[in-house]
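**Q** What follows is data_12.csv, CSV, C-alpha atoms and all ligand atoms.
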chain,number,residue,atom,x,y,z
V,49,MET,CA,108.9,102.3,63.9
V,50,LYS,CA,110.9,104.7,65.9
V,51,LEU,CA,110.0,104.1,69.6
V,52,MET,CA,111.0,106.2,72.6
V,53,VAL,CA,110.9,103.8,75.6
V,54,THR,CA,111.1,105.5,79.0
V,55,GLY,CA,112.3,103.3,81.8
V,56,GLY,CA,113.8,100.9,79.2
V,57,ALA,CA,116.6,99.9,81.6
V,58,GLY,CA,114.1,98.6,84.1
V,59,PHE,CA,112.7,95.1,84.6
V,60,ILE,CA,109.7,95.2,82.2
V,61,GLY,CA,110.9,98.0,79.9
V,62,SER,CA,114.1,96.2,79.1
V,63,GLU,CA,112.1,93.1,78.0
V,64,PHE,CA,110.1,95.5,75.8
V,65,VAL,CA,113.3,96.9,74.3
V,66,ARG,CA,114.7,93.4,73.6
V,67,GLN,CA,111.5,92.3,71.9
V,68,GLY,CA,111.3,95.6,70.0
V,69,VAL,CA,114.8,95.2,68.6
V,70,GLU,CA,113.9,91.6,67.6
V,71,LYS,CA,110.9,93.0,65.7
V,72,GLY,CA,113.1,95.5,63.9
V,73,HIS,CA,112.0,98.7,65.6
V,74,ASN,CA,114.4,101.6,66.0
V,75,ILE,CA,114.6,102.2,69.8
V,76,VAL,CA,115.6,105.1,71.9
V,77,VAL,CA,115.7,104.5,75.7
V,78,VAL,CA,115.2,107.3,78.1
V,79,ASP,CA,116.2,106.2,81.6
V,80,LYS,CA,117.8,108.1,84.4
V,81,LEU,CA,119.3,104.8,85.8
V,82,SER,CA,117.8,105.0,89.3
V,83,TYR,CA,118.8,102.2,91.8
V,84,ALA,CA,116.3,100.0,89.8
V,85,GLY,CA,117.7,100.8,86.4
V,86,ASP,CA,120.6,98.8,84.9
V,87,LEU,CA,122.0,98.9,81.4
V,88,LYS,CA,123.2,95.3,81.9
V,89,ARG,CA,119.6,94.3,81.1
V,90,LEU,CA,120.2,95.7,77.6
V,91,ALA,CA,123.7,94.3,77.0
V,92,ALA,CA,122.3,91.9,74.4
V,93,VAL,CA,121.0,94.8,72.3
V,94,GLN,CA,123.3,97.6,73.2
V,95,ASP,CA,124.6,98.1,69.7
V,96,LYS,CA,121.2,98.5,68.3
V,97,ILE,CA,119.7,101.1,70.6
V,98,ARG,CA,120.5,104.6,71.9
V,99,HIS,CA,120.3,105.4,75.6
V,100,TYR,CA,119.8,108.9,77.1
V,101,ASN,CA,120.5,109.2,80.8
V,102,VAL,CA,117.6,111.7,81.4
V,103,ASP,CA,115.1,112.1,84.2
V,104,ILE,CA,111.6,112.4,82.7
V,105,ALA,CA,110.8,115.0,85.5
V,106,ASP,CA,113.4,117.3,83.8
V,107,ILE,CA,111.4,118.8,80.9
V,108,ASP,CA,114.3,120.7,79.4
V,109,ARG,CA,116.5,117.7,78.9
V,110,LEU,CA,113.6,115.6,77.8
V,111,LYS,CA,112.7,118.2,75.2
V,112,GLU,CA,116.2,117.9,73.8
V,113,VAL,CA,115.8,114.2,73.3
V,114,PHE,CA,112.4,114.7,71.6
V,115,LEU,CA,113.8,117.3,69.2
V,116,LYS,CA,116.9,115.2,68.4
V,117,GLU,CA,115.2,111.8,68.0
V,118,LYS,CA,111.7,112.7,66.7
V,119,PRO,CA,110.1,109.4,67.8
V,120,GLU,CA,106.9,108.1,66.2
V,121,ALA,CA,105.6,106.6,69.5
V,122,VAL,CA,106.3,107.0,73.2
V,123,ILE,CA,106.0,104.0,75.6
V,124,ASN,CA,106.2,105.1,79.2
V,125,PHE,CA,107.5,102.6,81.6
V,126,ALA,CA,109.6,105.0,83.7
V,127,ALA,CA,108.5,105.2,87.3
V,128,GLU,CA,109.3,104.7,90.9
V,129,THR,CA,107.7,101.3,91.3
V,130,HIS,CA,108.1,99.8,94.8
V,131,VAL,CA,105.1,100.2,97.2
V,132,ASP,CA,107.2,99.9,100.3
V,133,ARG,CA,109.5,102.7,99.2
V,134,SER,CA,106.5,104.9,98.4
V,135,ILE,CA,105.3,104.6,102.0
V,136,ILE,CA,108.7,105.8,103.2
V,137,ASN,CA,109.4,108.4,100.6
V,138,PRO,CA,106.3,109.4,98.6
V,139,HIS,CA,108.0,112.6,97.2
V,140,ASP,CA,110.1,110.6,94.7
V,141,PHE,CA,106.9,109.0,93.4
V,142,ILE,CA,105.2,112.3,92.8
V,143,GLN,CA,108.2,113.6,90.9
V,144,ALA,CA,109.0,110.7,88.7
V,145,ASN,CA,105.5,109.3,88.1
V,146,ILE,CA,103.2,112.3,88.1
V,147,ILE,CA,105.5,115.2,86.9
V,148,GLY,CA,107.4,112.8,84.6
V,149,THR,CA,104.3,111.5,82.9
V,150,PHE,CA,102.9,115.0,82.6
V,151,ASN,CA,106.1,116.2,80.9
V,152,LEU,CA,106.0,113.2,78.4
V,153,LEU,CA,102.3,113.9,77.6
V,154,GLU,CA,102.9,117.6,77.1
V,155,LEU,CA,105.9,117.1,74.8
V,156,SER,CA,104.3,114.2,72.9
V,157,LYS,CA,101.2,116.3,72.3
V,158,ASN,CA,103.1,119.4,71.3
V,159,TYR,CA,105.4,117.5,68.9
V,160,LYS,CA,102.4,115.5,67.6
V,161,ILE,CA,103.9,112.1,68.4
V,162,GLU,CA,101.6,109.6,66.7
V,163,ARG,CA,101.0,107.2,69.6
V,164,PHE,CA,101.5,107.1,73.3
V,165,VAL,CA,101.2,104.0,75.4
V,166,HIS,CA,101.2,104.6,79.2
V,167,ILE,CA,102.0,101.7,81.4
V,168,SER,CA,99.7,101.8,84.4
V,169,THR,CA,99.0,99.0,86.9
V,170,ASP,CA,96.2,96.9,88.3
V,171,GLU,CA,97.0,98.6,91.7
V,172,VAL,CA,95.1,101.7,90.6
V,173,TYR,CA,91.8,99.8,91.1
V,174,GLY,CA,92.5,99.2,94.8
V,175,ALA,CA,91.8,96.0,96.7
V,176,LEU,CA,89.3,93.1,96.2
V,177,GLY,CA,87.9,90.6,98.7
V,178,GLU,CA,87.8,86.9,98.0
V,179,ASN,CA,85.7,87.3,94.8
V,180,GLY,CA,85.2,89.4,91.7
V,181,ASN,CA,87.6,91.1,89.4
V,182,PHE,CA,88.3,94.6,87.9
V,183,THR,CA,87.2,95.6,84.4
V,184,GLU,CA,88.5,98.7,82.7
V,185,ASP,CA,85.3,100.5,83.8
V,186,SER,CA,85.9,99.7,87.5
V,187,CYS,CA,86.4,102.7,89.8
V,188,ILE,CA,89.9,103.9,90.5
V,189,ASN,CA,90.6,103.5,94.2
V,190,PRO,CA,94.3,103.5,94.9
V,191,ASN,CA,95.5,102.8,98.4
V,192,SER,CA,99.3,103.5,98.5
V,193,PRO,CA,101.3,106.6,97.5
V,194,TYR,CA,102.6,104.4,94.6
V,195,SER,CA,99.2,103.4,93.3
V,196,ALA,CA,97.9,106.9,93.9
V,197,SER,CA,100.7,108.4,91.8
V,198,LYS,CA,100.1,105.8,89.0
V,199,ALA,CA,96.3,106.6,89.1
V,200,SER,CA,97.1,110.3,88.8
V,201,CYS,CA,99.1,109.5,85.6
V,202,ASP,CA,96.1,107.6,84.2
V,203,LEU,CA,93.8,110.6,84.9
V,204,LEU,CA,96.2,113.0,83.2
V,205,ALA,CA,96.6,110.6,80.2
V,206,ARG,CA,92.8,110.4,80.0
V,207,SER,CA,92.5,114.2,80.1
V,208,TYR,CA,94.9,114.6,77.2
V,209,PHE,CA,92.7,112.3,75.1
V,210,LYS,CA,89.4,114.0,76.1
V,211,THR,CA,90.7,117.6,76.0
V,212,TYR,CA,93.3,117.6,73.2
V,213,LYS,CA,92.3,114.4,71.3
V,214,TYR,CA,95.8,113.3,71.9
V,215,PRO,CA,95.9,109.5,71.1
V,216,VAL,CA,96.9,108.0,74.4
V,217,ILE,CA,96.4,104.3,75.2
V,218,ILE,CA,96.6,103.1,78.8
V,219,VAL,CA,97.5,99.5,79.8
V,220,ARG,CA,97.1,98.1,83.3
V,221,PRO,CA,99.2,95.0,83.8
V,222,SER,CA,99.0,92.7,86.9
V,223,ASN,CA,102.1,91.7,88.9
V,224,ASN,CA,104.9,90.8,86.6
V,225,TYR,CA,107.7,88.3,87.2
V,226,GLY,CA,110.6,86.8,85.3
V,227,PRO,CA,114.3,87.4,84.6
V,228,TRP,CA,116.0,90.7,85.6
V,229,GLN,CA,113.5,91.8,88.2
V,230,TYR,CA,115.2,93.9,90.9
V,231,PRO,CA,115.4,91.7,94.1
V,232,GLU,CA,113.2,93.9,96.3
V,233,LYS,CA,110.0,92.5,94.8
V,234,LEU,CA,108.5,89.3,96.2
V,235,ILE,CA,109.7,86.6,93.8
V,236,PRO,CA,113.4,87.6,93.5
V,237,VAL,CA,113.5,88.4,97.2
V,238,VAL,CA,112.4,84.9,98.0
V,239,ILE,CA,114.9,83.4,95.5
V,240,ILE,CA,117.9,85.4,96.8
V,241,LYS,CA,117.1,84.7,100.4
V,242,ALA,CA,116.6,81.0,99.7
V,243,LEU,CA,119.9,80.8,97.9
V,244,LEU,CA,121.5,82.5,100.9
V,245,ASP,CA,119.7,80.2,103.4
V,246,GLU,CA,118.4,83.4,105.1
V,247,PRO,CA,115.0,84.0,106.7
V,248,ILE,CA,112.4,84.9,104.0
V,249,PRO,CA,110.1,87.7,105.1
V,250,VAL,CA,106.4,87.2,104.4
V,251,TYR,CA,104.0,90.0,105.2
V,252,GLY,CA,101.1,89.3,107.6
V,253,THR,CA,99.6,85.8,107.1
V,254,GLY,CA,100.9,85.4,103.5
V,255,LYS,CA,97.3,85.0,102.3
V,256,ASN,CA,97.3,88.2,100.1
V,257,VAL,CA,96.6,87.2,96.5
V,258,ARG,CA,98.3,88.5,93.3
V,259,GLU,CA,97.7,87.7,89.7
V,260,TRP,CA,101.1,86.7,88.2
V,261,LEU,CA,102.0,87.6,84.6
V,262,TYR,CA,105.2,86.5,82.9
V,263,VAL,CA,107.1,89.5,81.7
V,264,GLU,CA,107.5,88.3,78.1
V,265,ASP,CA,103.7,87.9,77.9
V,266,CYS,CA,103.1,91.3,79.4
V,267,ASN,CA,105.3,92.9,76.7
V,268,GLU,CA,103.7,91.0,73.9
V,269,ALA,CA,100.4,92.5,75.1
V,270,ILE,CA,102.0,96.0,75.2
V,271,PHE,CA,103.1,95.6,71.6
V,272,VAL,CA,99.6,94.5,70.6
V,273,ALA,CA,98.2,97.6,72.4
V,274,LEU,CA,100.7,99.8,70.6
V,275,MET,CA,100.0,98.5,67.2
V,276,LYS,CA,96.2,97.7,67.4
V,277,GLY,CA,94.9,99.5,70.5
V,278,GLN,CA,92.2,102.3,70.1
V,279,PRO,CA,93.3,105.8,71.2
V,280,GLY,CA,91.6,106.8,74.5
V,281,GLU,CA,91.1,103.2,75.6
V,282,VAL,CA,92.3,101.3,78.6
V,283,TYR,CA,93.3,97.6,78.4
V,284,ASN,CA,93.8,95.3,81.4
V,285,ILE,CA,96.7,92.8,81.0
V,286,GLY,CA,96.4,89.8,83.2
V,287,SER,CA,97.1,86.1,83.2
V,288,GLY,CA,94.3,84.6,85.3
V,289,PHE,CA,97.0,82.9,87.5
V,290,GLU,CA,96.0,84.0,91.0
V,291,LYS,CA,98.2,82.9,93.9
V,292,GLN,CA,98.5,83.5,97.6
V,293,ASN,CA,101.9,84.9,98.5
V,294,ILE,CA,102.6,82.0,100.8
V,295,ASP,CA,102.0,79.5,98.0
V,296,VAL,CA,104.4,81.4,95.7
V,297,VAL,CA,107.1,81.3,98.5
V,298,LYS,CA,106.5,77.6,99.1
V,299,THR,CA,106.7,76.7,95.4
V,300,ILE,CA,110.0,78.6,95.0
V,301,LEU,CA,111.4,76.8,98.1
V,302,ALA,CA,110.3,73.4,96.6
V,303,ILE,CA,112.0,74.2,93.2
V,304,LEU,CA,115.2,75.1,95.0
V,305,GLY,CA,115.0,72.2,97.4
V,306,LYS,CA,115.0,74.5,100.5
V,307,SER,CA,113.2,74.1,103.8
V,308,GLU,CA,109.9,75.9,104.5
V,309,GLU,CA,111.5,76.7,107.9
V,310,LEU,CA,113.1,79.7,106.2
V,311,ILE,CA,109.8,81.4,106.1
V,312,GLN,CA,109.4,84.2,108.6
V,313,PHE,CA,106.1,86.1,109.0
V,314,VAL,CA,106.7,89.8,109.6
V,315,GLU,CA,104.4,92.7,110.5
V,316,ASP,CA,102.1,93.5,107.6
V,317,ARG,CA,102.6,96.4,105.3
V,318,PRO,CA,100.4,99.4,106.1
V,319,GLY,CA,97.4,99.5,103.7
V,320,HIS,CA,98.4,96.2,102.2
V,321,ASP,CA,95.8,95.4,99.5
V,322,PHE,CA,94.3,91.9,100.0
V,323,ARG,CA,93.7,90.8,96.4
V,324,TYR,CA,94.0,92.0,92.8
V,325,SER,CA,92.3,90.3,89.9
V,326,LEU,CA,91.8,91.5,86.3
V,327,ASN,CA,89.1,90.9,83.8
V,328,THR,CA,90.9,90.6,80.5
V,329,ASP,CA,87.9,90.1,78.2
V,330,LYS,CA,88.5,93.4,76.4
V,331,ILE,CA,92.1,92.8,75.3
V,332,ARG,CA,91.3,89.2,74.4
V,333,GLN,CA,88.1,90.0,72.4
V,334,GLU,CA,89.2,93.4,70.8
V,335,LEU,CA,92.9,92.8,70.3
V,336,GLY,CA,93.2,89.0,70.2
V,337,TRP,CA,95.8,88.8,73.0
V,338,SER,CA,96.0,86.3,75.8
V,339,ALA,CA,98.8,85.2,78.1
V,340,LYS,CA,100.7,82.1,77.0
V,341,THR,CA,102.9,81.2,80.0
V,342,ASP,CA,101.3,79.2,82.8
V,343,PHE,CA,102.5,80.1,86.3
V,344,ASP,CA,104.5,76.9,87.0
V,345,THR,CA,106.4,77.1,83.7
V,346,GLY,CA,107.1,80.8,84.2
V,347,LEU,CA,108.2,80.4,87.8
V,348,GLN,CA,110.5,77.5,86.9
V,349,LYS,CA,112.1,79.6,84.1
V,350,THR,CA,112.5,82.5,86.5
V,351,VAL,CA,114.2,80.4,89.2
V,352,ASN,CA,116.5,78.9,86.6
V,353,TRP,CA,117.4,82.3,85.3
V,354,TYR,CA,118.3,83.7,88.8
V,355,SER,CA,120.2,80.5,89.6
V,356,THR,CA,122.4,80.9,86.5
V,357,ASN,CA,122.7,84.7,86.9
V,358,LYS,CA,123.7,84.8,90.6
V,359,ASP,CA,126.5,87.4,89.8
V,360,TRP,CA,123.9,90.0,88.8
V,361,LEU,CA,121.7,89.1,91.8
V,362,PHE,CA,124.4,89.2,94.4
V,363,GLU,CA,125.8,92.5,92.9
V,364,LYS,CA,122.8,94.1,94.5
V,365,LEU,CA,123.2,92.5,97.9
V,366,ASP,CA,124.9,95.3,99.9
V,367,LEU,CA,122.4,97.9,98.9
V,368,LEU,CA,119.6,95.4,99.7
V,369,LYS,CA,120.9,94.3,103.1
V,370,ASN,CA,120.5,97.9,104.4
V,371,TYR,CA,117.1,98.1,102.7
V,372,TRP,CA,115.8,94.8,104.0
V,373,GLY,CA,117.0,95.7,107.5
V,374,SER,CA,114.9,98.9,107.5
V,375,ILE,CA,111.8,97.4,105.9
V,376,TYR,CA,111.4,93.9,107.3
V,377,LYS,CA,113.1,94.3,110.7
V,378,LEU,CA,114.6,90.9,110.5
V,401,LIG,N1,106.6,95.2,88.1
V,401,LIG,C1,105.3,95.0,88.1
V,401,LIG,O1,104.8,93.9,88.5
V,401,LIG,C2,104.4,96.0,87.4
V,401,LIG,C3,103.0,95.7,87.3
V,401,LIG,C4,102.2,96.6,86.7
V,401,LIG,C5,102.7,97.8,86.2
V,401,LIG,N2,104.0,98.1,86.4
V,401,LIG,C6,104.5,99.3,85.8
V,401,LIG,O2,105.4,99.0,84.8
V,401,LIG,C7,106.4,100.0,84.7
V,401,LIG,C8,107.8,99.3,84.8
V,401,LIG,O3,107.9,98.6,86.0
V,401,LIG,P1,109.2,97.8,86.4
V,401,LIG,O4,108.8,96.7,87.3
V,401,LIG,O5,109.9,97.5,85.2
V,401,LIG,O6,110.0,98.9,87.2
V,401,LIG,P2,111.5,99.1,87.5
V,401,LIG,O7,111.6,99.7,88.9
V,401,LIG,O8,112.2,97.8,87.4
V,401,LIG,O9,112.1,100.0,86.4
V,401,LIG,C9,111.8,101.4,86.4
V,401,LIG,C10,112.8,102.1,85.4
V,401,LIG,O10,112.4,103.4,85.3
V,401,LIG,C11,113.6,104.2,85.5
V,401,LIG,N3,113.2,105.5,86.1
V,401,LIG,C12,112.6,105.7,87.3
V,401,LIG,N4,112.3,107.0,87.4
V,401,LIG,C13,112.7,107.6,86.3
V,401,LIG,C14,112.7,109.0,85.9
V,401,LIG,N5,112.3,110.0,86.7
V,401,LIG,N6,113.2,109.3,84.7
V,401,LIG,C15,113.7,108.3,83.9
V,401,LIG,N7,113.8,107.0,84.2
V,401,LIG,C16,113.3,106.7,85.4
V,401,LIG,C17,114.5,103.4,86.4
V,401,LIG,O11,115.9,103.8,86.3
V,401,LIG,C18,114.2,102.0,86.0
V,401,LIG,O12,115.1,101.6,84.9
V,401,LIG,C19,106.2,101.0,85.8
V,401,LIG,O13,105.5,102.1,85.3
V,401,LIG,C20,105.3,100.2,86.8
V,401,LIG,O14,104.4,101.1,87.5
V,401,LIG,C21,104.9,97.2,87.0
Output the file's structure as structure tokens, nothing else.
**A**
Amino acid sequence: MKLMVTGGAGFIGSEFVRQGVEKGHNIVVVDKLSYAGDLKRLAAVQDKIRHYNVDIADIDRLKEVFLKEKPEAVINFAAETHVDRSIINPHDFIQANIIGTFNLLELSKNYKIERFVHISTDEVYGALGENGNFTEDSCINPNSPYSASKASCDLLARSYFKTYKYPVIIVRPSNNYGPWQYPEKLIPVVIIKALLDEPIPVYGTGKNVREWLYVEDCNEAIFVALMKGQPGEVYNIGSGFEKQNIDVVKTILAILGKSEELIQFVEDRPGHDFRYSLNTDKIRQELGWSAKTDFDTGLQKTVNWYSTNKDWLFEKLDLLKNYWGSIYKL
């Protein structure tokens, strides 16, 4: 199948591209290569794909790619993705996420692209207390500019199905982790800081809970949704592995043989959601998918990958030093 993968040079999208090439799909990547995008993630498949350095918020350039490539399906990963950055600069999130997704929906509908999978997030549901989980029918209650921009995309996508009968599928994955994640997200931040023997910033008390999904599993689920999902439907993608942030940090330190004295609690993020948890009955029962990788195995593989790919990790260091200084006030 000819697939247009937006955000295919990012962390999750690049794993989708690698799996897609392996499965024999013809893949076109549309990625503007923001600070978070990196073609090195696609080096292993670079001869088998085509990349367009195009901003999805730029409808004229996007249209040229649609007309030239005539994809059969669009899978939309492209987004500004870091909650902290959305608090500092929400404008970029409105542009990339809302305007960008609108442009993709509009062109895909007009050019009658057969399928459209939009990658949303569990964060659109808002926060949970100690108990319960979110089903696909739970209310959307986003709390950050990032999650509000993602929720806006979901509503636009839903409207294209309801109004135009355009066959959009929405997937809502939980927190992903694995190789190639940009080191501003929790797990790679902890790994790089630990490798440098520098203080590891942990927000608040560290008791916030996230559901950790290995990136390979997430993309297998997205393929299942692309091939077997029902138009107009939403599918949660979760692993069931819920962890407090502090426990994730301590496990990484133990794997690397580093002291817990590196942990430094910092002022909590404004509007920090306490807990996310997904009910995944729908994707398991209707599409036959469930996550394969348990958290300890996935985390060990991830730490091993970063330990053997330090060059890539440290390449980002100068950019990150400024960023960490402004965010964590270390
Ligand atoms: N990382 C997670 O834990 C997680 C969890 C649930 C959902 N998601 C969603 O999955 C998708 C991918 O997340 P990720 O972690 O791989 O993000 P990422 O930040 O690693 O990658 C995003 C990619 O999109 C590209 N991009 C950004 N704005 C663009 C624009 N305007 N035009 C073209 N390309 C643009 C970037 O260059 C980058 O390559 C996002 O939509 C995100 O909201 C992520």
**Q** Name all residues at most 9 Å from Lys50 of chain V (count only C-alpha atoms; drop same-chain ones fewer than 4 positions away) and give them as a PyMOL selection string.
**A** chain V and resi 73-76+117-122
**Q** Could the residues that lie within 7 Å of ligand LIG 401 (chain V), counting all atoms listed in the file, be listed as an NGL selection string?
**A** :V and (54-61 or 78-86 or 102-105 or 124-130 or 143-145 or 148 or 167-170 or 198 or 220-225 or 229-230)
**Q** Using only C-alpha atoms, find the one residue out of V:Asn357, V:Asn137, V:Ser200, V:Asn189 that sits nearest to Lys88 of chain V.
**A** V:Asn357
**Q** Quick one, how far is atom CA of Ser355 of chain V from atom CA of Lys233 of chain V?
**A**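 Answer for the atom CA of Ser355 of chain V to atom CA of Lys233 of chain V separation: 16.6 Å.
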**Q** For Leu304 of chain V, please output as a list in words all residues within 8 Å (counting all atoms listed in the file; exclusion window: fewer than 5 positions along the same chain).
**A**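 The filter keeps Ala242, Leu243 and Val351 of chain V.
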**Q** What's the separation between atom CA of Cys266 of chain V and atom CA of Glu178 of chain V, in Å to one decimal place?
**A** 24.5 Å
**Q** Could I get segment 93-152 of chain V from the block written out with C-alpha atoms, as a PDB file, in the first residue's frame?
**A**
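selection_16.pdb was written with the following content:
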ATOM      1  CA  VAL V  93      15.465   2.412   5.288  1.00  0.00           C
ATOM      2  CA  GLN V  94      16.507   5.630   3.507  1.00  0.00           C
ATOM      3  CA  ASP V  95      16.838   3.970   0.089  1.00  0.00           C
ATOM      4  CA  LYS V  96      13.334   2.573   0.282  1.00  0.00           C
ATOM      5  CA  ILE V  97      11.370   5.714   1.176  1.00  0.00           C
ATOM      6  CA  ARG V  98      10.902   9.266  -0.081  1.00  0.00           C
ATOM      7  CA  HIS V  99      11.046  12.249   2.276  1.00  0.00           C
ATOM      8  CA  TYR V 100       9.446  15.661   1.687  1.00  0.00           C
ATOM      9  CA  ASN V 101      10.642  18.457   3.935  1.00  0.00           C
ATOM     10  CA  VAL V 102       7.195  20.031   4.183  1.00  0.00           C
ATOM     11  CA  ASP V 103       5.266  21.684   7.013  1.00  0.00           C
ATOM     12  CA  ILE V 104       1.753  20.229   7.262  1.00  0.00           C
ATOM     13  CA  ALA V 105       0.537  23.715   8.190  1.00  0.00           C
ATOM     14  CA  ASP V 106       1.535  24.842   4.658  1.00  0.00           C
ATOM     15  CA  ILE V 107      -1.418  23.655   2.562  1.00  0.00           C
ATOM     16  CA  ASP V 108       0.063  24.675  -0.808  1.00  0.00           C
ATOM     17  CA  ARG V 109       3.234  22.593  -0.407  1.00  0.00           C
ATOM     18  CA  LEU V 110       1.257  19.758   1.130  1.00  0.00           C
ATOM     19  CA  LYS V 111      -1.079  19.755  -1.848  1.00  0.00           C
ATOM     20  CA  GLU V 112       1.893  19.365  -4.209  1.00  0.00           C
ATOM     21  CA  VAL V 113       2.955  16.210  -2.346  1.00  0.00           C
ATOM     22  CA  PHE V 114      -0.586  14.778  -2.491  1.00  0.00           C
ATOM     23  CA  LEU V 115      -0.798  15.438  -6.232  1.00  0.00           C
ATOM     24  CA  LYS V 116       2.621  13.989  -6.946  1.00  0.00           C
ATOM     25  CA  GLU V 117       2.450  10.922  -4.716  1.00  0.00           C
ATOM     26  CA  LYS V 118      -1.278  10.058  -4.695  1.00  0.00           C
ATOM     27  CA  PRO V 119      -1.118   8.040  -1.450  1.00  0.00           C
ATOM     28  CA  GLU V 120      -3.727   5.400  -0.640  1.00  0.00           C
ATOM     29  CA  ALA V 121      -3.648   6.174   3.083  1.00  0.00           C
ATOM     30  CA  VAL V 122      -2.449   8.973   5.353  1.00  0.00           C
ATOM     31  CA  ILE V 123      -1.109   8.274   8.841  1.00  0.00           C
ATOM     32  CA  ASN V 124      -0.746  11.499  10.789  1.00  0.00           C
ATOM     33  CA  PHE V 125       1.984  11.471  13.444  1.00  0.00           C
ATOM     34  CA  ALA V 126       3.246  15.021  12.779  1.00  0.00           C
ATOM     35  CA  ALA V 127       2.813  17.250  15.789  1.00  0.00           C
ATOM     36  CA  GLU V 128       4.468  19.409  18.360  1.00  0.00           C
ATOM     37  CA  THR V 129       4.536  16.914  21.204  1.00  0.00           C
ATOM     38  CA  HIS V 130       6.133  18.200  24.386  1.00  0.00           C
ATOM     39  CA  VAL V 131       3.746  19.421  27.096  1.00  0.00           C
ATOM     40  CA  ASP V 132       6.357  21.696  28.722  1.00  0.00           C
ATOM     41  CA  ARG V 133       7.001  23.450  25.427  1.00  0.00           C
ATOM     42  CA  SER V 134       3.240  23.902  24.916  1.00  0.00           C
ATOM     43  CA  ILE V 135       3.064  25.783  28.221  1.00  0.00           C
ATOM     44  CA  ILE V 136       5.841  28.152  27.111  1.00  0.00           C
ATOM     45  CA  ASN V 137       4.795  28.519  23.460  1.00  0.00           C
ATOM     46  CA  PRO V 138       1.266  27.289  22.678  1.00  0.00           C
ATOM     47  CA  HIS V 139       1.236  29.063  19.297  1.00  0.00           C
ATOM     48  CA  ASP V 140       3.409  26.407  17.606  1.00  0.00           C
ATOM     49  CA  PHE V 141       1.037  23.699  18.835  1.00  0.00           C
ATOM     50  CA  ILE V 142      -2.020  25.381  17.360  1.00  0.00           C
ATOM     51  CA  GLN V 143      -0.247  25.789  14.022  1.00  0.00           C
ATOM     52  CA  ALA V 144       1.284  22.332  13.658  1.00  0.00           C
ATOM     53  CA  ASN V 145      -1.367  20.258  15.380  1.00  0.00           C
ATOM     54  CA  ILE V 146      -4.687  21.948  14.633  1.00  0.00           C
ATOM     55  CA  ILE V 147      -4.024  23.750  11.340  1.00  0.00           C
ATOM     56  CA  GLY V 148      -1.775  20.915  10.130  1.00  0.00           C
ATOM     57  CA  THR V 149      -4.346  18.207  10.851  1.00  0.00           C
ATOM     58  CA  PHE V 150      -7.103  20.306   9.304  1.00  0.00           C
ATOM     59  CA  ASN V 151      -5.038  20.664   6.089  1.00  0.00           C
ATOM     60  CA  LEU V 152      -4.418  16.911   5.954  1.00  0.00           C
TER      61      LEU V 152
END
